[in-house]
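Accompanying notes for the structure given below.
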Amino acid sequence: MDTQQIIAIVVVAVIAIALIIAGVLADRARKKRIDAAEQAREDREAAAKAAADKTIAAKQAAGAAAGAASTQSDQKSGTESTKQAESTQSVASPAESAGSTQPAQPESQEASQTTEPQPQTPESATSRMTRLKARLANSANPFGKALFNILAKDHLSEADWEDVEDTLLMADVGADASEQLVDELRNDARITGTHDPAQVREALRSKLLAMVGTDTDRRLNADKPEAHKPSVIIMVGVNGTGKTTTAGKLARLFVADGKSVMLGAADTFRAAAADQLETWGAKVNVPVVRSDKDGADPASVAFEASQRAKNDNADVLIIDTAGRLQNKANLMDELGKIRRVTEKNLPVDEVLLVLDATTGQNGMEQAKVFAQAIGITGVVLSKLDGSAKGGIVISVQKELGVPVKLVGLGEGPDDLAPFDPEGFVDGILA
């Protein structure tokens with residue numbers, strides 16, 4: 001082996017080592033960027049939570065002050081009423097002493113009865129969508145802003161495209177969907193061949209819309225012309241996702257559309273579940289079928305609820321189920337039994353999976369178990385109170401193969417609305 005060959009081998013070895021070192025350094029830098037971005041997101045969420053707590057405290061203080069003022073007003077009004085009554089009695093006394101007799105006036109029926117609380121009027125679906133889109137657009141949305149800031153650069157380097165993919169992953173878009181979106185963006189001439197921010201934004205918007213899906217039928221089956229009556233909806237999901245609360249909010253949404261609704265409290269393993277559902281139902285005059293004791297067979301509650309809904313000719317029956325996830329076999333047996341006994345009376349039109357948007361990819365495996373156990377027809381994303389994790393919409397639909405039909409963007413009773421793809425994408429890019 002001559003000297004030139006030895007030199008060539010050494011050069012190749014040096015180049016290989018340099019490439020390996022460069023790769024290791026690049027990987028470390030990328031991890032640092034991800035960690036920094038995640039820390040920044042956590043700081044923003046902590047600041048937002050602190051601001052929300054401060055606002056709530058201020059509202060409570062204002063409410064307490066208003067209550068005190070109201071109490072003082074009531075006391076003053078009561079004192080004046082007492083004085084008027086005494087004055088009336090003193091005027092009537094001379095007539096009574098003169099021997100004039102008049103029949104005693106019966107007490108007012110309204111005064112003797114306890115005033116019943118008036119049922120609430122839920123907000124219409126159209127109004128909810130407008131309000132929730134505005135809330136989404138005004139929320140802290142680093143997802144859309146970060147993507148736009150990167151893509152609007154004059155020249156996109158390999159590191160920039162890695163930043164795009166990192167941003168998508170941190171927004172819970174999912175690995176496969178993130179890779180697909182990056183490939184499509186890199187091949188879009190509107191991004192790689194122009195410096196016009198408007199064109200870049202429109203390109204990003206069109207790609208996100210295509211992945212979210214604009215042609216998907218997101219209507220609840222109960223709203224379709226061919227729906228059965230009563231139309232049965234079974235709510236499923238892990239405990240803590242807001243499943244029972246979502247069932248109550250969904251009842252309000254149907255009431256706002258003029259439908260008669262019945263609730264079935266088939267989550268008999270959580271002591272407060274039936275009470276919680278009754279509280280929601282009482283506010284809009286929706287009856288709740290529940291067991292007299294905790295720990296009863298949930299299938300028997302579902303059967304009784306379906307029988308009563310059929311007899312009362314209700315438009316919609318919403319059945320809340322337990323969210324225990326002890327093991328897959330147990331879950332399949334329990335949910336399968338609830339569905340079978342319900343279908344002895346009524347066909348089941350819809351199975352909605354309630355998923356906590358803040359759990360991100362951690363909740364996807366649980367979601368898949370429910371999908372296999374009972375066959376879901378749609379997803380409700382609860383706690384989507386900002387767009388930092390908005391990518392979960394894309395990954396949920398891609399993984400489960402069913403559409404996101406409803407989203408919850410707050411704790412208010414009417415903060416549940418039909419999912420609007422265009423409003424959602426425009427909100428995160430605002």
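Residues in the structure tokens are numbered from 1 in each chain, the chains being A, B, ... in the order shown, and ligands are numbered from 1 in the order shown.
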
List as number ranges by chain the protein and nucleic acid residues near Ser382 (chain A), meaning an atom at most 10 Å away when only C-alpha atoms are counted, but skip any in the same chain fewer than 5 places from it.
A: 241-243, 245-246, 354-358, 406-411, 415-416

Applying 7 Å and only C-alpha atoms, which residues near Leu277 (chain A) remain after dropping the ones on its own chain fewer than 4 positions away? List them as an MDAnalysis selection string.
chainID A and resid 244 248 265 273 281

With N, CA and C atoms kept, could you save the residues just selected as a compact mmCIF listing (two decimals), in the first residue's frame?
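Done, and the output landed in again.txt:
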# COMPACT_ATOMS: atom_id res chain seq x y z
N THR A 244 -68.66 13.29 32.39
CA THR A 244 -69.99 13.57 32.95
C THR A 244 -70.37 15.03 32.71
N GLY A 248 -73.61 16.62 30.49
CA GLY A 248 -74.53 17.68 30.92
C GLY A 248 -74.54 18.85 29.95
N ALA A 265 -77.74 7.94 34.11
CA ALA A 265 -76.53 7.96 34.94
C ALA A 265 -76.02 6.53 35.14
N ALA A 273 -71.13 10.87 40.53
CA ALA A 273 -71.45 11.01 39.11
C ALA A 273 -72.93 11.28 38.87
N GLY A 281 -78.91 18.39 34.81
CA GLY A 281 -80.26 18.22 34.25
C GLY A 281 -81.28 19.17 34.86

Residues near Gly401 (chain A), anyone? I mean within 10 Å using only C-alpha atoms, not counting same-chain ones fewer than 6 positions away, as number ranges by chain.
A: 371, 376-378, 395

Tell me which of A:Glu365, A:Asp267, A:Asp217, A:Asp297 sits closest to Gly323 (chain A), counting only C-alpha atoms.
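Closest residue, counting only C-alpha atoms: A:Asp267.
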
Which of these, A:Glu184, A:Asp223, A:Asp275, A:Asp172, has the shortest distance to Ala210 (chain A) once you count only C-alpha atoms?
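Looking only at the distances to Ala210 (chain A), the closest residue turns out to be A:Glu184.
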
Could you tell me how far CA of Gln372 (chain A) sits from CA of Leu331 (chain A), in Å to one decimal place?
10.0 Å

Secondary structure check, strand (DSSP E) residues of region 155-284 of chain A, as an mmCIF file with N, CA and C atoms, in the first residue's frame:
data_model
loop_
_atom_site.group_PDB
_atom_site.id
_atom_site.type_symbol
_atom_site.label_atom_id
_atom_site.label_comp_id
_atom_site.auth_asym_id
_atom_site.auth_seq_id
_atom_site.Cartn_x
_atom_site.Cartn_y
_atom_site.Cartn_z
ATOM 1 N N SER A 231 -83.019 9.174 19.846
ATOM 2 C CA SER A 231 -81.669 8.913 19.370
ATOM 3 C C SER A 231 -80.761 8.723 20.583
ATOM 4 N N VAL A 232 -80.097 7.569 20.652
ATOM 5 C CA VAL A 232 -79.301 7.225 21.837
ATOM 6 C C VAL A 232 -77.837 7.573 21.612
ATOM 7 N N ILE A 233 -77.258 8.273 22.593
ATOM 8 C CA ILE A 233 -75.831 8.613 22.588
ATOM 9 C C ILE A 233 -75.198 8.042 23.840
ATOM 10 N N ILE A 234 -74.149 7.237 23.678
ATOM 11 C CA ILE A 234 -73.403 6.704 24.820
ATOM 12 C C ILE A 234 -72.094 7.467 24.930
ATOM 13 N N MET A 235 -71.834 8.023 26.114
ATOM 14 C CA MET A 235 -70.607 8.777 26.375
ATOM 15 C C MET A 235 -69.586 7.861 27.033
ATOM 16 N N VAL A 236 -68.377 7.796 26.463
ATOM 17 C CA VAL A 236 -67.319 6.973 27.038
ATOM 18 C C VAL A 236 -66.055 7.817 27.203
ATOM 19 N N VAL A 261 -84.796 16.001 25.984
ATOM 20 C CA VAL A 261 -83.617 15.200 26.312
ATOM 21 C C VAL A 261 -83.852 14.438 27.610
ATOM 22 N N MET A 262 -83.250 13.253 27.685
ATOM 23 C CA MET A 262 -83.230 12.475 28.924
ATOM 24 C C MET A 262 -81.796 12.017 29.163
ATOM 25 N N LEU A 263 -81.372 11.996 30.433
ATOM 26 C CA LEU A 263 -80.027 11.571 30.805
ATOM 27 C C LEU A 263 -80.082 10.261 31.576
ATOM 28 N N GLY A 264 -79.121 9.372 31.298
ATOM 29 C CA GLY A 264 -79.009 8.115 32.026
ATOM 30 C C GLY A 264 -77.688 8.066 32.773
ATOM 31 N N ALA A 265 -77.738 7.940 34.108
ATOM 32 C CA ALA A 265 -76.525 7.960 34.938
ATOM 33 C C ALA A 265 -76.020 6.531 35.142
ATOM 34 N N ALA A 266 -75.357 5.982 34.109
ATOM 35 C CA ALA A 266 -74.864 4.606 34.173
ATOM 36 C C ALA A 266 -73.449 4.512 34.724
#

In terms of the shortest atom-to-atom distance over only C-alpha atoms, which of A:Lys383, A:Arg290, A:Arg324, A:Arg33 is closest to Arg308 (chain A)?
A:Arg290

Min atom-atom distance to Val255 (chain A) from the set A:Gln120, A:Thr321, A:Gln4, A:Ser178, counting only C-alpha atoms, belongs to A:Gln120

Which is closest to Thr130 (chain A) among A:His228, A:Asp420, A:Ile428, A:Lys145, if we use only C-alpha atoms?
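When distances to Thr130 (chain A) are compared using only C-alpha atoms, the smallest one comes from A:Asp420.
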